[in-house]
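File shown: work-v4.tsv (TSV, C-alpha atoms).
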chain	number	residue	atom	x	y	z
C	149	MET	CA	-9.39	-32.19	10.58
C	150	ALA	CA	-6.49	-30.98	8.39
C	151	GLU	CA	-3.66	-29.11	10.07
C	152	TYR	CA	-4.56	-25.46	10.52
C	153	VAL	CA	-1.92	-23.29	8.83
C	154	TRP	CA	-2.32	-20.27	11.14
C	155	ARG	CA	-1.83	-22.14	14.42
C	156	HIS	CA	-2.62	-20.43	17.72
C	157	ASP	CA	0.98	-20.82	18.90
C	158	LEU	CA	2.40	-18.73	16.06
C	159	LYS	CA	3.92	-15.43	17.12
C	160	GLY	CA	1.36	-12.67	16.64
C	161	GLU	CA	-1.63	-14.97	16.15
C	162	ALA	CA	-3.59	-13.56	19.09
C	163	GLU	CA	-3.13	-10.05	17.73
C	164	ARG	CA	-4.04	-11.14	14.20
C	165	LEU	CA	-7.31	-12.62	15.45
C	166	ARG	CA	-8.04	-9.49	17.49
C	167	LEU	CA	-7.61	-7.37	14.37
C	168	MET	CA	-9.84	-9.73	12.39
C	169	SER	CA	-12.54	-9.50	15.06
C	170	ASP	CA	-12.36	-5.70	15.02
C	171	LEU	CA	-12.71	-5.72	11.23
C	172	LEU	CA	-15.51	-8.28	10.95
C	173	ASP	CA	-17.55	-7.82	14.12
C	174	PRO	CA	-19.57	-4.80	12.89
C	175	SER	CA	-20.64	-6.61	9.71
C	176	SER	CA	-21.28	-9.90	11.53
C	177	ARG	CA	-23.38	-8.21	14.21
C	178	PHE	CA	-25.47	-6.43	11.60
C	179	HIS	CA	-26.32	-9.64	9.73
C	180	LEU	CA	-26.96	-11.56	12.94
C	181	SER	CA	-29.25	-8.80	14.16
C	182	GLU	CA	-31.27	-9.26	10.97
C	183	THR	CA	-32.16	-12.80	12.11
C	184	GLY	CA	-33.91	-11.32	15.14
C	185	VAL	CA	-31.62	-13.07	17.63
C	186	GLY	CA	-32.78	-12.05	21.07
C	187	ILE	CA	-33.87	-12.97	24.55
C	188	GLY	CA	-33.94	-16.69	25.28
C	189	TRP	CA	-32.22	-17.91	22.10
C	190	ARG	CA	-29.81	-20.85	22.23
C	191	CYS	CA	-26.82	-20.19	20.00
C	192	LEU	CA	-23.71	-22.06	18.87
C	193	GLU	CA	-20.69	-20.38	17.33
C	194	ILE	CA	-18.34	-22.81	15.58
C	195	GLY	CA	-14.70	-21.76	15.25
C	196	ALA	CA	-15.15	-18.89	17.67
C	197	GLY	CA	-11.47	-17.87	17.72
C	198	ASN	CA	-11.13	-15.29	20.48
C	199	GLY	CA	-14.86	-15.36	21.25
C	200	SER	CA	-15.71	-11.72	20.51
C	201	LEU	CA	-18.81	-12.58	18.50
C	202	SER	CA	-20.06	-15.09	21.05
C	203	GLN	CA	-19.69	-12.53	23.80
C	204	TRP	CA	-21.87	-10.12	21.83
C	205	LEU	CA	-24.44	-12.88	21.25
C	206	ALA	CA	-24.51	-13.58	25.00
C	207	GLN	CA	-25.57	-9.97	25.56
C	208	ARG	CA	-28.32	-10.31	22.95
C	209	VAL	CA	-29.90	-13.50	24.34
C	210	GLY	CA	-29.94	-12.33	27.95
C	211	PRO	CA	-29.96	-14.42	31.12
C	212	THR	CA	-32.59	-16.85	29.80
C	213	GLY	CA	-30.57	-17.59	26.66
C	214	HIS	CA	-27.39	-19.59	26.21
C	215	VAL	CA	-24.39	-19.19	23.90
C	216	ILE	CA	-21.69	-21.78	23.22
C	217	ALA	CA	-18.37	-20.44	21.93
C	218	SER	CA	-16.72	-23.51	20.43
C	219	ASP	CA	-13.36	-24.11	18.79
C	220	ILE	CA	-10.91	-26.93	18.32
C	221	ARG	CA	-8.62	-24.87	20.57
C	222	THR	CA	-10.03	-22.56	23.22
C	223	ASP	CA	-6.85	-20.97	24.58
C	224	LEU	CA	-7.56	-17.58	22.99
C	225	MET	CA	-10.98	-17.28	24.67
C	226	GLN	CA	-9.67	-16.91	28.22
C	227	GLY	CA	-10.75	-13.26	28.31
C	228	ILE	CA	-14.46	-13.79	27.68
C	229	ALA	CA	-17.00	-14.51	30.39
C	230	ALA	CA	-20.73	-14.31	31.07
C	231	SER	CA	-23.17	-16.37	33.11
C	232	ASN	CA	-24.93	-17.49	29.91
C	233	LEU	CA	-21.74	-18.07	27.87
C	234	GLU	CA	-20.05	-21.46	27.66
C	235	VAL	CA	-16.61	-22.04	26.12
C	236	ARG	CA	-16.44	-25.53	24.63
C	237	LYS	CA	-13.64	-27.46	22.91
C	238	PHE	CA	-15.25	-28.84	19.77
C	239	ASP	CA	-14.09	-30.33	16.46
C	240	VAL	CA	-16.88	-29.71	13.98
C	241	VAL	CA	-15.53	-32.30	11.54
C	242	ASN	CA	-15.58	-35.21	14.00
C	243	ASP	CA	-17.81	-34.21	16.93
C	244	GLU	CA	-21.57	-34.05	17.43
C	245	PRO	CA	-23.10	-31.65	20.00
C	246	SER	CA	-25.07	-33.33	22.74
C	247	ASP	CA	-27.40	-30.37	23.26
C	248	ALA	CA	-28.61	-29.63	19.71
C	249	PRO	CA	-30.84	-28.26	18.25
C	250	TYR	CA	-30.16	-24.50	18.37
C	251	ASP	CA	-32.02	-21.35	17.41
C	252	LEU	CA	-28.92	-19.94	15.74
C	253	ILE	CA	-25.61	-21.35	14.52
C	254	ALA	CA	-22.84	-18.97	13.47
C	255	ILE	CA	-19.72	-19.86	11.48
C	256	ARG	CA	-17.20	-17.19	10.56
C	257	ALA	CA	-13.92	-17.51	8.64
C	258	LEU	CA	-13.68	-21.26	9.27
C	259	LEU	CA	-15.05	-23.28	6.37
C	260	HIS	CA	-12.41	-22.10	3.90
C	261	HIS	CA	-9.82	-23.88	6.06
C	262	LEU	CA	-11.69	-27.20	6.17
C	263	PRO	CA	-11.29	-29.76	3.37
C	264	GLU	CA	-14.56	-31.25	4.66
C	265	ARG	CA	-16.37	-27.91	4.34
C	266	ARG	CA	-19.29	-29.19	2.27
C	267	ALA	CA	-19.95	-32.14	4.59
C	268	VAL	CA	-19.71	-29.81	7.60
C	269	VAL	CA	-22.48	-27.64	6.19
C	270	SER	CA	-24.73	-30.71	5.91
C	271	LYS	CA	-23.98	-31.64	9.52
C	272	VAL	CA	-24.60	-28.18	10.88
C	273	VAL	CA	-27.98	-27.81	9.19
C	274	ARG	CA	-29.19	-30.85	11.15
C	275	TRP	CA	-28.36	-29.05	14.40
C	276	LEU	CA	-30.84	-26.24	13.75
C	277	LYS	CA	-34.29	-26.13	15.30
C	278	PRO	CA	-37.17	-25.88	12.85
C	279	GLY	CA	-37.29	-22.17	12.10
C	280	GLY	CA	-33.69	-21.75	13.32
C	281	TYR	CA	-31.09	-19.65	11.52
C	282	LEU	CA	-27.64	-20.37	10.09
C	283	PHE	CA	-25.13	-17.55	9.61
C	284	VAL	CA	-21.98	-18.18	7.55
C	285	GLN	CA	-19.37	-15.52	6.78
C	286	GLU	CA	-16.53	-16.64	4.53
C	287	PRO	CA	-14.04	-15.00	2.14
C	288	ASP	CA	-14.10	-14.58	-1.62
C	289	PHE	CA	-10.78	-13.35	-2.97
C	290	TYR	CA	-11.98	-12.04	-6.33
C	291	PRO	CA	-10.89	-8.45	-5.43
C	292	THR	CA	-7.26	-9.64	-5.68
C	293	TRP	CA	-7.77	-9.81	-9.45
C	294	THR	CA	-7.63	-5.98	-9.49
C	295	VAL	CA	-4.60	-5.47	-7.26
C	296	GLU	CA	-1.81	-3.16	-8.43
C	297	PRO	CA	1.11	-3.11	-9.05
C	298	LEU	CA	1.34	-6.20	-11.24
C	299	SER	CA	3.97	-7.74	-8.95
C	300	GLN	CA	1.47	-7.68	-6.07
C	301	LYS	CA	-1.33	-9.07	-8.23
C	302	ARG	CA	1.00	-11.95	-9.02
C	303	PHE	CA	1.81	-12.31	-5.31
C	304	TRP	CA	-1.87	-12.84	-4.52
C	305	GLU	CA	-2.22	-15.35	-7.37
C	306	GLN	CA	0.68	-17.35	-5.93
C	307	PHE	CA	-0.71	-17.01	-2.40
C	308	ILE	CA	-4.12	-18.39	-3.43
C	309	GLN	CA	-2.46	-21.27	-5.31
C	310	TRP	CA	-0.32	-22.03	-2.24
C	311	ALA	CA	-3.41	-21.98	-0.02
C	312	ALA	CA	-5.26	-24.33	-2.38
C	313	ALA	CA	-2.36	-26.79	-2.08
C	314	HIS	CA	-3.10	-26.74	1.69
C	315	GLN	CA	-6.80	-27.39	0.89
C	316	ILE	CA	-7.79	-23.83	1.76
C	317	ASP	CA	-10.55	-22.45	-0.50
C	318	TYR	CA	-10.37	-18.67	-0.66
C	319	TYR	CA	-13.35	-18.51	-3.01
C	320	VAL	CA	-15.73	-20.52	-0.86
C	321	GLY	CA	-17.90	-17.54	0.11
C	322	ARG	CA	-19.68	-17.64	-3.26
C	323	SER	CA	-20.54	-21.33	-2.84
C	324	ILE	CA	-22.40	-21.10	0.45
C	325	PRO	CA	-25.85	-19.94	-0.78
C	326	ALA	CA	-26.21	-22.84	-3.23
C	327	TRP	CA	-25.07	-25.31	-0.57
C	328	LEU	CA	-27.68	-24.05	1.87
C	329	GLN	CA	-30.38	-24.17	-0.80
C	330	ALA	CA	-29.41	-27.77	-1.54
C	331	GLU	CA	-29.83	-28.53	2.17
C	332	GLY	CA	-33.40	-27.27	2.05
C	333	LEU	CA	-32.91	-23.97	3.87
C	334	ILE	CA	-35.07	-21.01	2.90
C	335	ASP	CA	-35.00	-17.19	2.99
C	336	ILE	CA	-31.36	-17.25	1.87
C	337	SER	CA	-29.64	-13.87	1.82
C	338	SER	CA	-26.00	-13.41	0.82
C	339	GLU	CA	-23.98	-10.22	0.58
C	340	GLY	CA	-20.30	-9.60	-0.17
C	341	HIS	CA	-18.48	-6.85	1.73
C	342	ALA	CA	-15.18	-5.75	0.17
C	343	ILE	CA	-13.16	-3.20	2.14
C	344	LEU	CA	-10.84	-0.69	0.50
C	345	TYR	CA	-7.92	-0.02	2.83
C	346	ASN	CA	-4.55	1.67	2.84
C	347	GLY	CA	-1.15	0.89	4.29
C	348	GLY	CA	-0.92	1.37	8.04
C	349	SER	CA	-4.62	0.67	8.56
C	350	PRO	CA	-5.89	-2.16	10.79
C	351	PHE	CA	-6.74	-4.21	7.70
C	352	ALA	CA	-3.21	-3.83	6.33
C	353	GLU	CA	-1.78	-4.61	9.76
C	354	TRP	CA	-3.92	-7.77	9.92
C	355	TRP	CA	-2.52	-8.92	6.59
C	356	ASP	CA	1.02	-8.04	7.67
C	357	TYR	CA	0.68	-10.33	10.69
C	358	GLY	CA	-0.85	-13.11	8.63
C	359	ILE	CA	1.74	-13.11	5.85
C	360	ARG	CA	4.72	-12.85	8.21
C	361	GLU	CA	3.47	-15.90	10.10
C	362	VAL	CA	3.61	-18.07	6.97
C	363	ALA	CA	6.36	-16.26	5.04
C	364	ASP	CA	8.87	-19.12	5.28
C	365	LYS	CA	6.27	-21.56	3.96
C	366	LEU	CA	5.36	-19.20	1.12
C	367	LYS	CA	8.98	-18.91	0.01
C	368	ALA	CA	9.69	-22.64	0.29
C	369	GLU	CA	6.44	-23.96	-1.16
C	370	SER	CA	5.18	-21.38	-3.65
C	371	GLY	CA	8.28	-19.70	-5.02
C	372	ILE	CA	7.34	-16.26	-3.73
C	373	SER	CA	10.56	-14.28	-3.46
C	374	GLN	CA	11.81	-12.31	-0.49
C	375	ALA	CA	11.80	-9.22	-2.72
C	376	THR	CA	8.08	-9.67	-3.38
C	377	LEU	CA	7.39	-10.13	0.33
C	378	ASP	CA	9.46	-7.02	1.16
C	379	GLU	CA	7.41	-5.03	-1.35
C	380	PHE	CA	4.23	-6.34	0.30
C	381	TYR	CA	5.47	-5.32	3.76
C	382	ASP	CA	6.47	-1.86	2.51
C	383	LEU	CA	3.08	-1.28	0.88
C	384	SER	CA	1.35	-2.50	4.04
C	385	ARG	CA	2.95	0.43	5.88
C	386	ASP	CA	2.45	3.05	3.14
C	387	PRO	CA	-0.58	5.27	3.90
C	388	ASP	CA	-0.67	6.40	0.25
C	389	TYR	CA	-1.15	2.84	-1.03
C	390	TRP	CA	-4.80	1.76	-1.34
C	391	THR	CA	-6.01	-1.70	-2.30
C	392	THR	CA	-8.68	-4.33	-1.73
C	393	THR	CA	-8.20	-8.07	-1.31
C	394	ILE	CA	-11.25	-9.84	0.15
C	395	ALA	CA	-15.01	-9.75	-0.13
C	396	PHE	CA	-16.28	-11.17	3.15
C	397	THR	CA	-19.50	-12.87	2.06
C	398	ALA	CA	-22.17	-13.06	4.77
C	399	THR	CA	-24.94	-15.58	4.17
C	400	THR	CA	-28.00	-16.18	6.36
C	401	ALA	CA	-30.67	-18.81	5.90
C	402	GLN	CA	-33.50	-20.41	7.87
C	403	ARG	CA	-34.57	-24.00	8.41
C	404	ARG	CA	-38.18	-24.59	7.49
C	405	THR	CA	-40.63	-24.85	10.35
C	406	GLY	CA	-41.84	-28.39	10.70
C	407	SER	CA	-38.73	-29.82	9.04
Show me, as structure tokens, the structure contained in the file I just sent.
Amino acid sequence: MAEYVWRHDLKGEAERLRLMSDLLDPSSRFHLSETGVGIGWRCLEIGAGNGSLSQWLAQRVGPTGHVIASDIRTDLMQGIAASNLEVRKFDVVNDEPSDAPYDLIAIRALLHHLPERRAVVSKVVRWLKPGGYLFVQEPDFYPTWTVEPLSQKRFWEQFIQWAAAHQIDYYVGRSIPAWLQAEGLIDISSEGHAILYNGGSPFAEWWDYGIREVADKLKAESGISQATLDEFYDLSRDPDYWTTTIAFTATTAQRRTGS
């Protein structure tokens, strides 16, 4: 697995992931609820981060169900616990689960970081029970094309180019439905959710944490100036500044029964 740019030991990473969970959990829960996940289901979350979504799933499946919250590092999941919830260290690129298949597999904000993302999708589909569901929620950065002022639009262009050099695909959300269709999954539903937010909001604060953590790399590797970063930080605190940067694309699909 390629080196993860936003490492868990970076200052502010725990808070950044908490903010991301707060932002994404309502949408993720809605789409997962649409699968009918409920009592007795066996679920696997891959790249669980701080485990907030897995903890919710554990409540849905009840005492007869089982949820695995897996990640290549599990140190940020120390605060979650339930009798039917297991925290497991797991590298989706190189590992195979010993207890597949599952009724539901959830992946959120992980594949865009993995150079092996397409191969991972093929692996994961094999771990579904016949009739089981796959949920994938990944970013698509097309809203950055509309960002103002022009200096900030250029900042996002440089940021996406820098990320691509680290094998991060910030447009991968739009690719997922076709990949799942190619894997033979059915009942594919995909919906992009772009949030408009202003400076000082949780979304802006999340971005502020994320950019500060990699600011030195951005300056050294992409040519983004300190003046551009300072403008970004100022706008992130300005309640009169409104923008949009990501469409979080949620895709659900089902494995055929008998397959």
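Among the candidates C:Trp327, C:Trp354, C:Trp293, C:Trp310, the one nearest to C:Val272 when counting all atoms listed in the file is C:Trp327.
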Nearest residue to C:Leu192 out of C:Arg256, C:His214, C:Arg177, C:His314, using all atoms listed in the file?
C:His214
Atom-to-atom span, atom CA of C:Val284 and atom CA of C:Phe351, Å
20.7 Å
Measuring atom to atom with all atoms listed in the file, identify which of C:Glu339, C:Glu369, C:Asp388, C:Asp356 is nearest to C:Leu167.
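That would be C:Asp356, the residue with the smallest distance to C:Leu167.
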Just want the 6 Å neighbourhood of stretch 184-191 of chain C, counted on all atoms listed in the file, with same-chain residues fewer than 4 positions away dropped. Output as a count of residues only.
11
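For the point (-12.1, -5.3, 2.0), the residues with an atom at a distance of at most 7 Å are His341, Ala342, Ile343, Leu344, Tyr345, Thr392, Thr393, Ile394 and Ala395 of chain C, counting all atoms listed in the file.
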To one decimal in Å, tell me the separation between atom CA of C:Gln315 and atom CA of C:Phe380.
23.8 Å
Nearest-residue call for C:Ala311, choices C:Tyr389, C:Phe283, C:Tyr357, C:Phe289, using all atoms listed in the file
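With all atoms listed in the file as the atom set, the closest residue is C:Phe289.
Proximity of C:Ser323, C:Asn198, C:Ser176, C:Gln402 to C:Thr222, computed with all atoms listed in the file, is greatest for C:Asn198.
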Show me the residues around (-20.1, -20.3, 30.2) - criterion: an atom at most 10 Å away, only C-alpha atoms counted - as an MDAnalysis selection string.
chainID C and resid 206 214:217 228:236
Could you dump the residues just selected with C-alpha atoms as a PDB file, keeping the file's coordinate frame?
ATOM      1  CA  ALA C 206     -24.510 -13.580  25.000  1.00  0.00           C
ATOM      2  CA  HIS C 214     -27.390 -19.590  26.210  1.00  0.00           C
ATOM      3  CA  VAL C 215     -24.390 -19.190  23.900  1.00  0.00           C
ATOM      4  CA  ILE C 216     -21.690 -21.780  23.220  1.00  0.00           C
ATOM      5  CA  ALA C 217     -18.370 -20.440  21.930  1.00  0.00           C
ATOM      6  CA  ILE C 228     -14.460 -13.790  27.680  1.00  0.00           C
ATOM      7  CA  ALA C 229     -17.000 -14.510  30.390  1.00  0.00           C
ATOM      8  CA  ALA C 230     -20.730 -14.310  31.070  1.00  0.00           C
ATOM      9  CA  SER C 231     -23.170 -16.370  33.110  1.00  0.00           C
ATOM     10  CA  ASN C 232     -24.930 -17.490  29.910  1.00  0.00           C
ATOM     11  CA  LEU C 233     -21.740 -18.070  27.870  1.00  0.00           C
ATOM     12  CA  GLU C 234     -20.050 -21.460  27.660  1.00  0.00           C
ATOM     13  CA  VAL C 235     -16.610 -22.040  26.120  1.00  0.00           C
ATOM     14  CA  ARG C 236     -16.440 -25.530  24.630  1.00  0.00           C
TER      15      ARG C 236
END
What does the distance between atom CA of C:Gln300 and atom CA of C:Asp170 come to in Å, to one decimal place?
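The value is 25.3 Å.
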Residues near C:Asp288, cut-off 12 Å, only C-alpha atoms, skip fewer than 2 positions along chain, as a VMD selection string:
chain C and resid 257 259 to 260 285 to 286 290 to 293 308 316 to 324 339 to 342 392 to 398
Would you mind telling me which residue in C:Asp378, C:Leu180, C:Arg385, C:Glu331 lies nearest to C:Arg266 when using only C-alpha atoms?
C:Glu331
Dump stretch 189-202 of chain C with all heavy atoms to a file, as a CSV table (one decimal), in the first residue's frame.
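The resulting result-v7.csv:
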chain,number,residue,atom,x,y,z
C,189,TRP,N,-27.3,-8.9,10.4
C,189,TRP,CA,-26.3,-8.8,9.3
C,189,TRP,C,-24.9,-8.8,9.8
C,189,TRP,O,-24.6,-8.4,10.9
C,189,TRP,CB,-26.6,-7.5,8.6
C,189,TRP,CG,-27.8,-7.4,7.7
C,189,TRP,CD1,-29.0,-8.0,7.9
C,189,TRP,CD2,-27.9,-6.7,6.4
C,189,TRP,NE1,-29.8,-7.8,6.8
C,189,TRP,CE2,-29.2,-7.0,5.9
C,189,TRP,CE3,-27.0,-6.0,5.7
C,189,TRP,CZ2,-29.6,-6.5,4.7
C,189,TRP,CZ3,-27.4,-5.4,4.5
C,189,TRP,CH2,-28.7,-5.7,4.0
C,190,ARG,N,-24.0,-9.4,8.9
C,190,ARG,CA,-22.6,-9.4,9.1
C,190,ARG,C,-22.0,-8.3,8.2
C,190,ARG,O,-22.2,-8.4,7.0
C,190,ARG,CB,-22.0,-10.7,8.8
C,190,ARG,CG,-22.5,-11.8,9.8
C,190,ARG,CD,-21.8,-13.2,9.5
C,190,ARG,NE,-20.4,-13.1,9.8
C,190,ARG,CZ,-19.4,-13.1,8.9
C,190,ARG,NH1,-19.7,-13.1,7.7
C,190,ARG,NH2,-18.2,-13.1,9.3
C,191,CYS,N,-21.3,-7.3,8.8
C,191,CYS,CA,-20.8,-6.2,8.0
C,191,CYS,C,-19.3,-6.0,8.2
C,191,CYS,O,-18.8,-6.2,9.3
C,191,CYS,CB,-21.5,-4.9,8.5
C,191,CYS,SG,-23.4,-5.0,8.4
C,192,LEU,N,-18.7,-5.5,7.1
C,192,LEU,CA,-17.3,-5.1,7.2
C,192,LEU,C,-17.1,-3.7,6.7
C,192,LEU,O,-17.6,-3.4,5.6
C,192,LEU,CB,-16.5,-6.1,6.3
C,192,LEU,CG,-15.0,-5.7,6.0
C,192,LEU,CD1,-14.2,-5.8,7.3
C,192,LEU,CD2,-14.4,-6.5,4.9
C,193,GLU,N,-16.5,-2.8,7.5
C,193,GLU,CA,-16.2,-1.5,7.0
C,193,GLU,C,-14.6,-1.5,6.8
C,193,GLU,O,-13.9,-1.9,7.7
C,193,GLU,CB,-16.5,-0.4,8.0
C,193,GLU,CG,-16.2,1.0,7.4
C,193,GLU,CD,-16.5,2.2,8.3
C,193,GLU,OE1,-16.8,2.0,9.5
C,193,GLU,OE2,-16.3,3.3,7.8
C,194,ILE,N,-14.2,-1.1,5.6
C,194,ILE,CA,-12.8,-1.0,5.2
C,194,ILE,C,-12.3,0.4,5.3
C,194,ILE,O,-12.9,1.3,4.6
C,194,ILE,CB,-12.6,-1.7,3.9
C,194,ILE,CG1,-13.1,-3.1,3.8
C,194,ILE,CG2,-11.1,-1.6,3.5
C,194,ILE,CD1,-13.2,-3.7,2.4
C,195,GLY,N,-11.3,0.7,6.0
C,195,GLY,CA,-10.8,2.0,6.2
C,195,GLY,C,-11.7,2.8,7.1
C,195,GLY,O,-12.1,3.9,6.8
C,196,ALA,N,-12.0,2.2,8.3
C,196,ALA,CA,-13.0,2.8,9.2
C,196,ALA,C,-12.6,4.1,9.9
C,196,ALA,O,-13.4,4.7,10.5
C,196,ALA,CB,-13.4,1.7,10.2
C,197,GLY,N,-11.3,4.5,9.8
C,197,GLY,CA,-10.9,5.7,10.4
C,197,GLY,C,-11.1,5.7,11.9
C,197,GLY,O,-10.4,5.0,12.7
C,198,ASN,N,-12.0,6.6,12.4
C,198,ASN,CA,-12.3,6.6,13.8
C,198,ASN,C,-13.5,5.7,14.3
C,198,ASN,O,-13.8,5.6,15.4
C,198,ASN,CB,-12.6,8.0,14.3
C,198,ASN,CG,-13.8,8.7,13.6
C,198,ASN,OD1,-14.6,8.0,13.0
C,198,ASN,ND2,-14.0,9.9,13.8
C,199,GLY,N,-14.0,5.0,13.3
C,199,GLY,CA,-15.0,4.0,13.6
C,199,GLY,C,-16.4,4.4,13.8
C,199,GLY,O,-17.3,3.6,14.2
C,200,SER,N,-16.7,5.7,13.5
C,200,SER,CA,-18.1,6.2,13.8
C,200,SER,C,-19.2,5.5,13.0
C,200,SER,O,-20.2,5.2,13.6
C,200,SER,CB,-18.2,7.7,13.6
C,200,SER,OG,-18.0,8.0,12.2
C,201,LEU,N,-18.9,5.2,11.8
C,201,LEU,CA,-19.9,4.5,11.0
C,201,LEU,C,-20.1,3.1,11.4
C,201,LEU,O,-21.2,2.6,11.4
C,201,LEU,CB,-19.5,4.6,9.5
C,201,LEU,CG,-20.5,4.3,8.5
C,201,LEU,CD1,-21.7,5.3,8.6
C,201,LEU,CD2,-20.0,4.4,7.0
C,202,SER,N,-19.0,2.4,11.7
C,202,SER,CA,-19.1,1.0,12.2
C,202,SER,C,-19.9,1.0,13.5
C,202,SER,O,-20.7,0.0,13.7
C,202,SER,CB,-17.7,0.4,12.4
C,202,SER,OG,-17.1,0.1,11.2
